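Visitor: Input: one structure, supplied below.
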Amino acid sequence: MDFLGHLDIAGFVVATLIAATPLVLAGMGGVMSERSGVVNIALEGIMLTSAFAGYAAAVATHNLWLGVLVAIIAGMLIAALHALLSIQFLVDQIVSGTVINILAVGITGSFYRTYIQNSSLGGTGVLPALHLTFLPNAPFIGVITLAALALIPIVHFVLFNTVFGLRTRACGEHPLAAETAGINVYLVRYSNVILSGALAGLGGAYFTLQQIGNFLPNMTGGRGFIALAAMIFGRWTPVGAFGASLLFAGADAFSGRLQISGVNFPYQILGMLPYVLTIIVVAGAVGRAVAPAADGKPYKKS
Amino acid sequence: MSRALRQRLFAAVFIPVISVASGFVVAGLAVVVTGSDPIAAFTALFQGAFTNPRAFPETLVAMIPYIFLGLAVALGFRAGLFNIGAEGQFYLGAIFGVLAGNSLHGVPGIVQIPLALAFGMLGGFIWAAVPGLLKARFGAHEVITTIMLNYIAFQLTDFLINKGPMSDKHSTAPRTPFIDPGAQLPIIISGTRLHLGLILALLAVPIVWFLVQRTTIGFRIRMVGFSQGAARAAGISVAWTLVITMGISGALAGLAGADEILGVSHYMPSSFSVGYGFDSIAVALLARSNPWAILPSAFLFGAMRNGAAFMQFQTQVSSDLISIVQAIVIMFVAAPVMVRWIFRLREVPVGGIQITQRETAGVTRET
């Protein structure tokens, strides 16, 4: 097994962790939003918009940290649009998410062509990274990956150990009961959708400011939907979403290595893995994944 | 004018027109912000779609898959199903179309073409009936399963045509071999790429209308879309209706894929669809799931897709601009409350305005 001989376990784990970054961030964003009762298939569009906005801000200000901040704010703004449409104007949440995803392609594509593609500006460079010199090949771990790791226990704590988290889950399970108990369902849902935009926005910044230091059209390439899959596979919990992200990113990294090593194996089967697993869990074949009871249902004050 | 008629007019005409107009206004603003001239951009878009040499037939060519796919998504909506998987079903239809199109050498076209199209429908049917079955049997949400099946379809296609069992061994590019010349759909206007598929698509509209409005299956579909509980009480098998609706929807999407292979590309390249299936959600929403209204809606989307390339070439405005138009169109069509709020209209339209007829409650298992 020549292939296994070349496998650098530590390097593989680090590569997986890095590739899982946008998945776990957007996945946790999905958890926040859906736990409050708002389906968020707009994660893809939010990440793409934030990737672009963060990059544009970093180019304009020559400050990568400002770029990250702008990416987060852009994520919150576009998520606020999702909230406005689906909570205020009672638009079907899937339709609203679709609107955001299409809009993101249109906006980033148009601005990319004008301001980036034909400009002489170089890349921004990438955010600082932790150099793991004690590992073979001394890999780097970027700050957004570290932030994502730090956010997992925080989001978990907020969701399961705070009043805000309790209210969030109440609105996602039974909004009418929550309202009766004096909880402002609209406020809770707005806050959660906008927070989910902040998390996915940070995930978007990963693509431009940590990974390559540049913007390319449609660079998120469906990662928002894999994050959605990770959220479901992780049963709408932050820790579960993290585990699923690691599994999906690991399969992806492994398939990449298979291709490079020239082993004759249909690597597309590994590419299908996240999607097949997600279908299996929503169908309940292996331990049913059950969404919050009021997930996807608009709530109308009477 | 009676109140009911006014409401219907508002829903069927005013909202779509306002939506499209607003889409262009917002896109125009985006053009201004990026420092270009919106009038020049939209003029080029119009020229590229209609007045340039051969532009109009190309718009019709682009309209064909939108008709089939728009009907596919619209049919799902009528039963309260959100088929986001049209893109994947489109791919499966194309794969099955190629399979039939280059494996039956020597068979006359009059046999091979219908066979290849039927095969494409079968591919789409299977790819959509699976989420239908998963929903009916396990209550798995079709939005999630169809999104996942889209990506599985892309991976499957890559596997098949990228050095896989269906790849062209004589080509360095990842693609299938050409289909038999006999399996190609005839061109209906010489000197253009406009093929027989247009006639088929135009025929599909009244057929789907008839299916929905005049048949028992159509009645069940609408009943389930209206209320699953009521349908069940009336003795309709909700589970069976969901499976068959998804299946027919997928068959229409698969037909679009096979038609595109037989009529336009004649082989399957790696970048096959470029978003036809995703756009078709907007096509169906703009048409408010009415089969007849799919025609103007598909025409508009075909024109935008066709004109966008010329606009980008001529004015340097990105062809992605039409995505902004599309997003705003869906937003306005889906949010009549917002339209009334923005345009300060009184009289809230109740009934007849709901486009998706989605019943958000899951399916309870039948005994």
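We name chains A, B, ... following the order of the structure tokens; residues begin at 1 in each chain, and ligands are numbered from 1 as shown.
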Hey, list the chain B side of the contact with chain A: 7 Å cut-off, only C-alpha atoms, answer as a PDB file with all heavy atoms, in the first residue's frame.

Guide:
```
ATOM      1  N   THR B  34     -21.968  50.288 -10.208  1.00  0.00           N
ATOM      2  CA  THR B  34     -20.707  49.762 -10.735  1.00  0.00           C
ATOM      3  C   THR B  34     -20.123  50.676 -11.818  1.00  0.00           C
ATOM      4  O   THR B  34     -19.141  50.329 -12.452  1.00  0.00           O
ATOM      5  CB  THR B  34     -20.873  48.341 -11.316  1.00  0.00           C
ATOM      6  OG1 THR B  34     -21.857  48.377 -12.354  1.00  0.00           O
ATOM      7  CG2 THR B  34     -21.313  47.352 -10.261  1.00  0.00           C
ATOM      8  N   LEU B 134     -39.510   9.206  -0.110  1.00  0.00           N
ATOM      9  CA  LEU B 134     -38.941   9.461   1.219  1.00  0.00           C
ATOM     10  C   LEU B 134     -39.858  10.370   2.025  1.00  0.00           C
ATOM     11  O   LEU B 134     -39.976  10.235   3.238  1.00  0.00           O
ATOM     12  CB  LEU B 134     -37.548  10.088   1.093  1.00  0.00           C
ATOM     13  CG  LEU B 134     -36.462   9.176   0.537  1.00  0.00           C
ATOM     14  CD1 LEU B 134     -35.166   9.948   0.317  1.00  0.00           C
ATOM     15  CD2 LEU B 134     -36.215   7.997   1.468  1.00  0.00           C
ATOM     16  N   PHE B 138     -41.373   8.470   5.037  1.00  0.00           N
ATOM     17  CA  PHE B 138     -40.673   8.831   6.270  1.00  0.00           C
ATOM     18  C   PHE B 138     -40.857  10.294   6.663  1.00  0.00           C
ATOM     19  O   PHE B 138     -40.310  10.737   7.666  1.00  0.00           O
ATOM     20  CB  PHE B 138     -39.171   8.552   6.131  1.00  0.00           C
ATOM     21  CG  PHE B 138     -38.846   7.138   5.759  1.00  0.00           C
ATOM     22  CD1 PHE B 138     -38.336   6.839   4.507  1.00  0.00           C
ATOM     23  CD2 PHE B 138     -39.063   6.109   6.661  1.00  0.00           C
ATOM     24  CE1 PHE B 138     -38.031   5.540   4.154  1.00  0.00           C
ATOM     25  CE2 PHE B 138     -38.759   4.799   6.321  1.00  0.00           C
ATOM     26  CZ  PHE B 138     -38.250   4.504   5.063  1.00  0.00           C
ATOM     27  N   ALA B 140     -39.497  12.750   5.192  1.00  0.00           N
ATOM     28  CA  ALA B 140     -38.263  13.502   4.927  1.00  0.00           C
ATOM     29  C   ALA B 140     -38.591  14.695   4.034  1.00  0.00           C
ATOM     30  O   ALA B 140     -39.214  14.542   2.986  1.00  0.00           O
ATOM     31  CB  ALA B 140     -37.236  12.608   4.240  1.00  0.00           C
ATOM     32  N   THR B 145     -34.005  16.757   0.677  1.00  0.00           N
ATOM     33  CA  THR B 145     -33.579  15.606  -0.122  1.00  0.00           C
ATOM     34  C   THR B 145     -33.307  15.996  -1.578  1.00  0.00           C
ATOM     35  O   THR B 145     -32.376  15.474  -2.184  1.00  0.00           O
ATOM     36  CB  THR B 145     -34.629  14.474  -0.078  1.00  0.00           C
ATOM     37  OG1 THR B 145     -35.911  15.019  -0.357  1.00  0.00           O
ATOM     38  CG2 THR B 145     -34.671  13.822   1.286  1.00  0.00           C
ATOM     39  N   MET B 148     -29.929  17.717  -1.841  1.00  0.00           N
ATOM     40  CA  MET B 148     -28.855  16.725  -1.736  1.00  0.00           C
ATOM     41  C   MET B 148     -28.747  15.908  -3.035  1.00  0.00           C
ATOM     42  O   MET B 148     -27.657  15.629  -3.527  1.00  0.00           O
ATOM     43  CB  MET B 148     -29.103  15.787  -0.549  1.00  0.00           C
ATOM     44  CG  MET B 148     -29.160  16.493   0.800  1.00  0.00           C
ATOM     45  SD  MET B 148     -27.699  17.496   1.113  1.00  0.00           S
ATOM     46  CE  MET B 148     -28.378  18.864   2.049  1.00  0.00           C
ATOM     47  N   ILE B 152     -25.672  15.006  -5.659  1.00  0.00           N
ATOM     48  CA  ILE B 152     -25.342  13.615  -5.996  1.00  0.00           C
ATOM     49  C   ILE B 152     -25.360  13.452  -7.525  1.00  0.00           C
ATOM     50  O   ILE B 152     -24.502  12.786  -8.102  1.00  0.00           O
ATOM     51  CB  ILE B 152     -26.316  12.634  -5.312  1.00  0.00           C
ATOM     52  CG1 ILE B 152     -26.156  12.720  -3.787  1.00  0.00           C
ATOM     53  CG2 ILE B 152     -26.060  11.198  -5.772  1.00  0.00           C
ATOM     54  CD1 ILE B 152     -27.152  11.897  -2.993  1.00  0.00           C
ATOM     55  N   GLN B 155     -22.142  14.816  -8.991  1.00  0.00           N
ATOM     56  CA  GLN B 155     -21.021  13.895  -8.762  1.00  0.00           C
ATOM     57  C   GLN B 155     -21.138  12.667  -9.668  1.00  0.00           C
ATOM     58  O   GLN B 155     -20.154  12.194 -10.225  1.00  0.00           O
ATOM     59  CB  GLN B 155     -20.993  13.436  -7.295  1.00  0.00           C
ATOM     60  CG  GLN B 155     -20.732  14.546  -6.292  1.00  0.00           C
ATOM     61  CD  GLN B 155     -19.266  14.950  -6.227  1.00  0.00           C
ATOM     62  OE1 GLN B 155     -18.398  14.222  -6.686  1.00  0.00           O
ATOM     63  NE2 GLN B 155     -18.997  16.122  -5.682  1.00  0.00           N
ATOM     64  N   LEU B 156     -22.372  12.179  -9.804  1.00  0.00           N
ATOM     65  CA  LEU B 156     -22.611  11.008 -10.654  1.00  0.00           C
ATOM     66  C   LEU B 156     -22.227  11.312 -12.099  1.00  0.00           C
ATOM     67  O   LEU B 156     -21.564  10.516 -12.767  1.00  0.00           O
ATOM     68  CB  LEU B 156     -24.086  10.608 -10.562  1.00  0.00           C
ATOM     69  CG  LEU B 156     -24.525   9.404 -11.393  1.00  0.00           C
ATOM     70  CD1 LEU B 156     -23.908   8.128 -10.861  1.00  0.00           C
ATOM     71  CD2 LEU B 156     -26.048   9.276 -11.408  1.00  0.00           C
ATOM     72  N   PHE B 159     -18.559  11.404 -12.451  1.00  0.00           N
ATOM     73  CA  PHE B 159     -18.035  10.041 -12.461  1.00  0.00           C
ATOM     74  C   PHE B 159     -18.230   9.387 -13.832  1.00  0.00           C
ATOM     75  O   PHE B 159     -17.313   8.764 -14.376  1.00  0.00           O
ATOM     76  CB  PHE B 159     -18.718   9.199 -11.372  1.00  0.00           C
ATOM     77  CG  PHE B 159     -18.553   7.720 -11.541  1.00  0.00           C
ATOM     78  CD1 PHE B 159     -17.316   7.123 -11.337  1.00  0.00           C
ATOM     79  CD2 PHE B 159     -19.629   6.928 -11.913  1.00  0.00           C
ATOM     80  CE1 PHE B 159     -17.160   5.759 -11.500  1.00  0.00           C
ATOM     81  CE2 PHE B 159     -19.471   5.559 -12.081  1.00  0.00           C
ATOM     82  CZ  PHE B 159     -18.229   4.971 -11.883  1.00  0.00           C
ATOM     83  N   VAL B 317     -20.785  44.970 -18.691  1.00  0.00           N
ATOM     84  CA  VAL B 317     -21.593  44.705 -17.497  1.00  0.00           C
ATOM     85  C   VAL B 317     -21.736  43.191 -17.378  1.00  0.00           C
ATOM     86  O   VAL B 317     -22.042  42.513 -18.353  1.00  0.00           O
ATOM     87  CB  VAL B 317     -22.988  45.363 -17.619  1.00  0.00           C
ATOM     88  CG1 VAL B 317     -23.901  44.912 -16.482  1.00  0.00           C
ATOM     89  CG2 VAL B 317     -22.849  46.874 -17.620  1.00  0.00           C
ATOM     90  N   SER B 318     -21.488  42.665 -16.184  1.00  0.00           N
ATOM     91  CA  SER B 318     -21.489  41.209 -16.000  1.00  0.00           C
ATOM     92  C   SER B 318     -22.837  40.585 -16.339  1.00  0.00           C
ATOM     93  O   SER B 318     -23.890  41.132 -16.017  1.00  0.00           O
ATOM     94  CB  SER B 318     -21.123  40.884 -14.555  1.00  0.00           C
ATOM     95  OG  SER B 318     -21.404  39.529 -14.291  1.00  0.00           O
ATOM     96  N   ASP B 320     -23.992  38.237 -14.908  1.00  0.00           N
ATOM     97  CA  ASP B 320     -24.615  37.877 -13.626  1.00  0.00           C
ATOM     98  C   ASP B 320     -25.679  38.892 -13.215  1.00  0.00           C
ATOM     99  O   ASP B 320     -26.459  38.635 -12.299  1.00  0.00           O
ATOM    100  CB  ASP B 320     -23.562  37.784 -12.515  1.00  0.00           C
ATOM    101  CG  ASP B 320     -22.726  36.524 -12.620  1.00  0.00           C
ATOM    102  OD1 ASP B 320     -23.276  35.522 -13.110  1.00  0.00           O
ATOM    103  OD2 ASP B 320     -21.559  36.539 -12.228  1.00  0.00           O
ATOM    104  N   LEU B 321     -25.695  40.045 -13.893  1.00  0.00           N
ATOM    105  CA  LEU B 321     -26.692  41.062 -13.570  1.00  0.00           C
ATOM    106  C   LEU B 321     -28.109  40.508 -13.641  1.00  0.00           C
ATOM    107  O   LEU B 321     -28.968  40.883 -12.837  1.00  0.00           O
ATOM    108  CB  LEU B 321     -26.563  42.249 -14.546  1.00  0.00           C
ATOM    109  CG  LEU B 321     -27.428  43.458 -14.215  1.00  0.00           C
ATOM    110  CD1 LEU B 321     -26.840  44.218 -13.039  1.00  0.00           C
ATOM    111  CD2 LEU B 321     -27.580  44.381 -15.412  1.00  0.00           C
ATOM    112  N   ILE B 322     -28.349  39.593 -14.581  1.00  0.00           N
ATOM    113  CA  ILE B 322     -29.720  39.080 -14.704  1.00  0.00           C
ATOM    114  C   ILE B 322     -30.132  38.294 -13.468  1.00  0.00           C
ATOM    115  O   ILE B 322     -31.310  38.166 -13.187  1.00  0.00           O
ATOM    116  CB  ILE B 322     -29.947  38.243 -15.991  1.00  0.00           C
ATOM    117  CG1 ILE B 322     -29.038  37.037 -16.031  1.00  0.00           C
ATOM    118  CG2 ILE B 322     -29.823  39.097 -17.218  1.00  0.00           C
ATOM    119  CD1 ILE B 322     -29.488  36.023 -17.074  1.00  0.00           C
ATOM    120  N   SER B 323     -29.150  37.806 -12.711  1.00  0.00           N
ATOM    121  CA  SER B 323     -29.500  37.142 -11.453  1.00  0.00           C
ATOM    122  C   SER B 323     -30.142  38.129 -10.484  1.00  0.00           C
ATOM    123  O   SER B 323     -31.021  37.760  -9.707  1.00  0.00           O
ATOM    124  CB  SER B 323     -28.259  36.534 -10.792  1.00  0.00           C
ATOM    125  OG  SER B 323     -27.773  35.485 -11.579  1.00  0.00           O
ATOM    126  N   ILE B 324     -29.679  39.371 -10.513  1.00  0.00           N
ATOM    127  CA  ILE B 324     -30.295  40.386  -9.643  1.00  0.00           C
ATOM    128  C   ILE B 324     -31.747  40.586 -10.069  1.00  0.00           C
ATOM    129  O   ILE B 324     -32.655  40.611  -9.234  1.00  0.00           O
ATOM    130  CB  ILE B 324     -29.516  41.723  -9.713  1.00  0.00           C
ATOM    131  CG1 ILE B 324     -28.088  41.526  -9.203  1.00  0.00           C
ATOM    132  CG2 ILE B 324     -30.236  42.805  -8.899  1.00  0.00           C
ATOM    133  CD1 ILE B 324     -27.241  42.784  -9.186  1.00  0.00           C
ATOM    134  N   ALA B 327     -33.749  37.606  -8.847  1.00  0.00           N
ATOM    135  CA  ALA B 327     -33.959  37.586  -7.390  1.00  0.00           C
ATOM    136  C   ALA B 327     -35.057  38.573  -7.000  1.00  0.00           C
ATOM    137  O   ALA B 327     -35.936  38.253  -6.198  1.00  0.00           O
ATOM    138  CB  ALA B 327     -32.653  37.916  -6.667  1.00  0.00           C
ATOM    139  N   ILE B 330     -38.551  37.259  -8.025  1.00  0.00           N
ATOM    140  CA  ILE B 330     -39.114  36.254  -7.106  1.00  0.00           C
ATOM    141  C   ILE B 330     -39.555  36.926  -5.815  1.00  0.00           C
ATOM    142  O   ILE B 330     -40.612  36.623  -5.272  1.00  0.00           O
ATOM    143  CB  ILE B 330     -38.086  35.169  -6.711  1.00  0.00           C
ATOM    144  CG1 ILE B 330     -37.377  34.601  -7.925  1.00  0.00           C
ATOM    145  CG2 ILE B 330     -38.755  34.043  -5.946  1.00  0.00           C
ATOM    146  CD1 ILE B 330     -36.345  33.566  -7.554  1.00  0.00           C
ATOM    147  N   MET B 331     -38.714  37.844  -5.329  1.00  0.00           N
ATOM    148  CA  MET B 331     -39.011  38.495  -4.060  1.00  0.00           C
ATOM    149  C   MET B 331     -40.368  39.197  -4.122  1.00  0.00           C
ATOM    150  O   MET B 331     -41.185  39.063  -3.219  1.00  0.00           O
ATOM    151  CB  MET B 331     -37.904  39.503  -3.768  1.00  0.00           C
ATOM    152  CG  MET B 331     -37.843  39.986  -2.362  1.00  0.00           C
ATOM    153  SD  MET B 331     -36.224  40.753  -2.094  1.00  0.00           S
ATOM    154  CE  MET B 331     -36.639  42.437  -2.362  1.00  0.00           C
ATOM    155  N   ALA B 334     -43.326  36.755  -4.551  1.00  0.00           N
ATOM    156  CA  ALA B 334     -43.594  35.953  -3.365  1.00  0.00           C
ATOM    157  C   ALA B 334     -44.066  36.795  -2.185  1.00  0.00           C
ATOM    158  O   ALA B 334     -44.526  36.261  -1.197  1.00  0.00           O
ATOM    159  CB  ALA B 334     -42.343  35.171  -2.975  1.00  0.00           C
ATOM    160  N   ALA B 335     -43.934  38.105  -2.292  1.00  0.00           N
ATOM    161  CA  ALA B 335     -44.290  38.948  -1.149  1.00  0.00           C
ATOM    162  C   ALA B 335     -45.293  40.024  -1.531  1.00  0.00           C
ATOM    163  O   ALA B 335     -44.968  41.211  -1.546  1.00  0.00           O
ATOM    164  CB  ALA B 335     -43.028  39.574  -0.547  1.00  0.00           C
ATOM    165  N   VAL B 337     -47.558  41.186   0.134  1.00  0.00           N
ATOM    166  CA  VAL B 337     -47.703  42.111   1.265  1.00  0.00           C
ATOM    167  C   VAL B 337     -46.711  43.258   1.123  1.00  0.00           C
ATOM    168  O   VAL B 337     -47.031  44.421   1.359  1.00  0.00           O
ATOM    169  CB  VAL B 337     -47.451  41.363   2.597  1.00  0.00           C
ATOM    170  CG1 VAL B 337     -47.682  42.282   3.775  1.00  0.00           C
ATOM    171  CG2 VAL B 337     -48.330  40.139   2.704  1.00  0.00           C
ATOM    172  N   MET B 338     -45.502  42.894   0.694  1.00  0.00           N
ATOM    173  CA  MET B 338     -44.464  43.907   0.549  1.00  0.00           C
ATOM    174  C   MET B 338     -44.778  44.850  -0.609  1.00  0.00           C
ATOM    175  O   MET B 338     -44.575  46.061  -0.501  1.00  0.00           O
ATOM    176  CB  MET B 338     -43.122  43.213   0.307  1.00  0.00           C
ATOM    177  CG  MET B 338     -41.944  44.150   0.322  1.00  0.00           C
ATOM    178  SD  MET B 338     -40.419  43.246   0.139  1.00  0.00           S
ATOM    179  CE  MET B 338     -40.594  42.635  -1.517  1.00  0.00           C
ATOM    180  N   THR B 360     -47.140  23.380   5.419  1.00  0.00           N
ATOM    181  CA  THR B 360     -45.847  23.173   6.067  1.00  0.00           C
ATOM    182  C   THR B 360     -45.837  21.978   6.996  1.00  0.00           C
ATOM    183  O   THR B 360     -44.799  21.477   7.351  1.00  0.00           O
ATOM    184  CB  THR B 360     -45.397  24.445   6.816  1.00  0.00           C
ATOM    185  OG1 THR B 360     -46.555  25.147   7.201  1.00  0.00           O
ATOM    186  CG2 THR B 360     -44.539  25.303   5.930  1.00  0.00           C
TER     187      THR B 360
END
```

Visitor: Tell me which protein, DNA and RNA residues are within 8 Å of Phe140 in chain A, counting only C-alpha atoms, leaving out same-chain ones fewer than 4 positions away, and put them as an mmCIF file with all heavy atoms, in the first residue's frame.

Guide:
```
data_model
loop_
_atom_site.group_PDB
_atom_site.id
_atom_site.type_symbol
_atom_site.label_atom_id
_atom_site.label_comp_id
_atom_site.auth_asym_id
_atom_site.auth_seq_id
_atom_site.Cartn_x
_atom_site.Cartn_y
_atom_site.Cartn_z
ATOM 1 N N ALA A 129 -1.599 33.218 10.746
ATOM 2 C CA ALA A 129 -1.937 31.834 11.050
ATOM 3 C C ALA A 129 -0.988 31.302 12.116
ATOM 4 O O ALA A 129 0.144 31.772 12.261
ATOM 5 C CB ALA A 129 -1.850 30.982 9.788
ATOM 6 N N LEU A 130 -1.483 30.358 12.846
ATOM 7 C CA LEU A 130 -0.676 29.704 13.875
ATOM 8 C C LEU A 130 0.207 28.659 13.188
ATOM 9 O O LEU A 130 -0.290 27.811 12.453
ATOM 10 C CB LEU A 130 -1.626 29.036 14.881
ATOM 11 C CG LEU A 130 -1.022 28.474 16.160
ATOM 12 C CD1 LEU A 130 -0.445 29.601 17.011
ATOM 13 C CD2 LEU A 130 -2.092 27.729 16.942
ATOM 14 N N HIS A 131 1.504 28.741 13.426
ATOM 15 C CA HIS A 131 2.441 27.814 12.785
ATOM 16 C C HIS A 131 2.701 26.623 13.704
ATOM 17 O O HIS A 131 3.302 26.778 14.761
ATOM 18 C CB HIS A 131 3.752 28.555 12.479
ATOM 19 C CG HIS A 131 4.582 27.821 11.489
ATOM 20 N ND1 HIS A 131 5.772 28.303 11.010
ATOM 21 C CD2 HIS A 131 4.390 26.643 10.853
ATOM 22 C CE1 HIS A 131 6.289 27.449 10.151
ATOM 23 N NE2 HIS A 131 5.472 26.447 10.031
ATOM 24 N N LEU A 132 2.219 25.472 13.303
ATOM 25 C CA LEU A 132 2.375 24.293 14.158
ATOM 26 C C LEU A 132 3.719 23.627 13.866
ATOM 27 O O LEU A 132 3.794 22.607 13.179
ATOM 28 C CB LEU A 132 1.218 23.326 13.937
ATOM 29 C CG LEU A 132 -0.182 23.900 14.176
ATOM 30 C CD1 LEU A 132 -1.245 22.865 13.837
ATOM 31 C CD2 LEU A 132 -0.339 24.359 15.610
#
```

Visitor: Ranking B:Leu252, B:Val13, B:Val26, B:Val264 by minimum distance to Gly123 in chain B and counting only C-alpha atoms, which one comes first?

Guide: B:Leu252

Visitor: Using only C-alpha atoms, tabulate the residues of range 182-231 of chain B lying at most 10 Å from any atom of range 280-291 of chain B, each with its closest atom pair and that distance in Å to one decimal, by chain and increasing residue number, as a tab-separated table.

Guide:
```
residue	atom	partner	partner_atom	distance
B:Ala204	CA	B:Pro291	CA	9.0
B:Val205	CA	B:Pro291	CA	5.8
B:Pro206	CA	B:Pro291	CA	7.4
B:Ile207	CA	B:Pro291	CA	9.1
B:Val208	CA	B:Pro291	CA	6.6
B:Trp209	CA	B:Pro291	CA	5.6
B:Phe210	CA	B:Pro291	CA	9.4
B:Val212	CA	B:Pro291	CA	8.9
```

Visitor: Nearest residue to Thr145 in chain A out of A:Gly243, A:Gly54, A:Gly234, A:Pro128, using only C-alpha atoms?

Guide: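 When distances to Thr145 in chain A are compared using only C-alpha atoms, the smallest one comes from A:Pro128.
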
Visitor: Can you list, as number ranges by chain, all residues belonging to range 229-272 of chain A that DSSP tags as alpha helix (DSSP H)?

Guide: A: 229-233, 238-261, 268-272

Visitor: Could you pull the residues within 12 Å of Phe178 in chain B, counting only C-alpha atoms, minus those fewer than 4 positions along the same chain, as a PyMOL selection string?

Guide: chain B and resi 97-103+166-171+182-184+261-269

Visitor: Mind checking which residues fall within 9 Å of Val143 in chain B, counting only C-alpha atoms, ignoring those fewer than 3 positions away in the same chain, and posting them as a list in words?

Guide: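 Close residues of Val143 in chain B: Ile94 of chain A; Leu81, Phe82, Asn83, Ile84, Gly85, Pro131, Ala140, Thr146, Ile147 and Met148 of chain B.
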
Visitor: How far is it from CA of Tyr299 in chain A to CA of Val39 in chain A, in Å with one decimal?

Guide: 12.7 Å

Visitor: Which residues, written as a PDB file with N, CA, C and O atoms, in the first residue's frame, have at least one atom at most 9 Å from range 271-275 of chain B, with only C-alpha atoms counted and residues fewer than 5 positions away on the same chain left out?

Guide:
```
ATOM      1  N   GLU B  87     -32.783  20.771 -11.187  1.00  0.00           N
ATOM      2  CA  GLU B  87     -31.452  20.770 -11.799  1.00  0.00           C
ATOM      3  C   GLU B  87     -30.889  19.340 -11.879  1.00  0.00           C
ATOM      4  O   GLU B  87     -30.404  18.920 -12.922  1.00  0.00           O
ATOM      5  N   PHE B  90     -32.846  17.286 -14.335  1.00  0.00           N
ATOM      6  CA  PHE B  90     -32.434  17.722 -15.668  1.00  0.00           C
ATOM      7  C   PHE B  90     -31.161  16.963 -16.086  1.00  0.00           C
ATOM      8  O   PHE B  90     -31.054  16.455 -17.204  1.00  0.00           O
ATOM      9  N   TYR B  91     -30.209  16.837 -15.156  1.00  0.00           N
ATOM     10  CA  TYR B  91     -28.968  16.100 -15.432  1.00  0.00           C
ATOM     11  C   TYR B  91     -29.262  14.625 -15.714  1.00  0.00           C
ATOM     12  O   TYR B  91     -28.721  14.048 -16.638  1.00  0.00           O
ATOM     13  N   ALA B  94     -30.694  14.105 -19.036  1.00  0.00           N
ATOM     14  CA  ALA B  94     -29.670  14.233 -20.072  1.00  0.00           C
ATOM     15  C   ALA B  94     -28.832  12.958 -20.167  1.00  0.00           C
ATOM     16  O   ALA B  94     -28.559  12.455 -21.257  1.00  0.00           O
ATOM     17  N   GLY B 257     -33.924  17.772 -19.984  1.00  0.00           N
ATOM     18  CA  GLY B 257     -32.525  17.383 -20.128  1.00  0.00           C
ATOM     19  C   GLY B 257     -32.281  16.592 -21.401  1.00  0.00           C
ATOM     20  O   GLY B 257     -31.351  16.879 -22.160  1.00  0.00           O
ATOM     21  N   SER B 265     -27.056  20.199 -27.769  1.00  0.00           N
ATOM     22  CA  SER B 265     -25.626  19.908 -27.602  1.00  0.00           C
ATOM     23  C   SER B 265     -25.197  18.615 -28.303  1.00  0.00           C
ATOM     24  O   SER B 265     -24.059  18.496 -28.720  1.00  0.00           O
ATOM     25  N   SER B 280     -35.466  27.709 -12.984  1.00  0.00           N
ATOM     26  CA  SER B 280     -36.852  27.319 -13.245  1.00  0.00           C
ATOM     27  C   SER B 280     -37.736  27.515 -12.017  1.00  0.00           C
ATOM     28  O   SER B 280     -38.951  27.639 -12.154  1.00  0.00           O
TER      29      SER B 280
END
```

Visitor: Would you mind listing what lies within 10 Å of Arg189 in chain A as a list in words, with only C-alpha atoms counted and same-chain residues fewer than 6 positions away left out?

Guide: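 My list of contacting residues is Met32, Ser33, Glu34, Arg35, Ser36, Gly37, Val38, Ala83, Ile87, Arg167, Thr168, Cys171, Gly172, Pro175, Leu195 and Tyr299 of chain A.
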
Visitor: Using only C-alpha atoms, find the one residue out of A:Gly250, A:Gly125, A:Gly203, A:Gly30 that sits nearest to Leu146 in chain A.

Guide: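 Of the candidates, the smallest distance to Leu146 in chain A is held by A:Gly203.
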
Visitor: Name the closest residue to Met246 in chain B among the candidates B:Gly76, B:Gly35, B:Gly124, B:Gly28; distances are taken between atoms, counting only C-alpha atoms.

Guide: B:Gly76
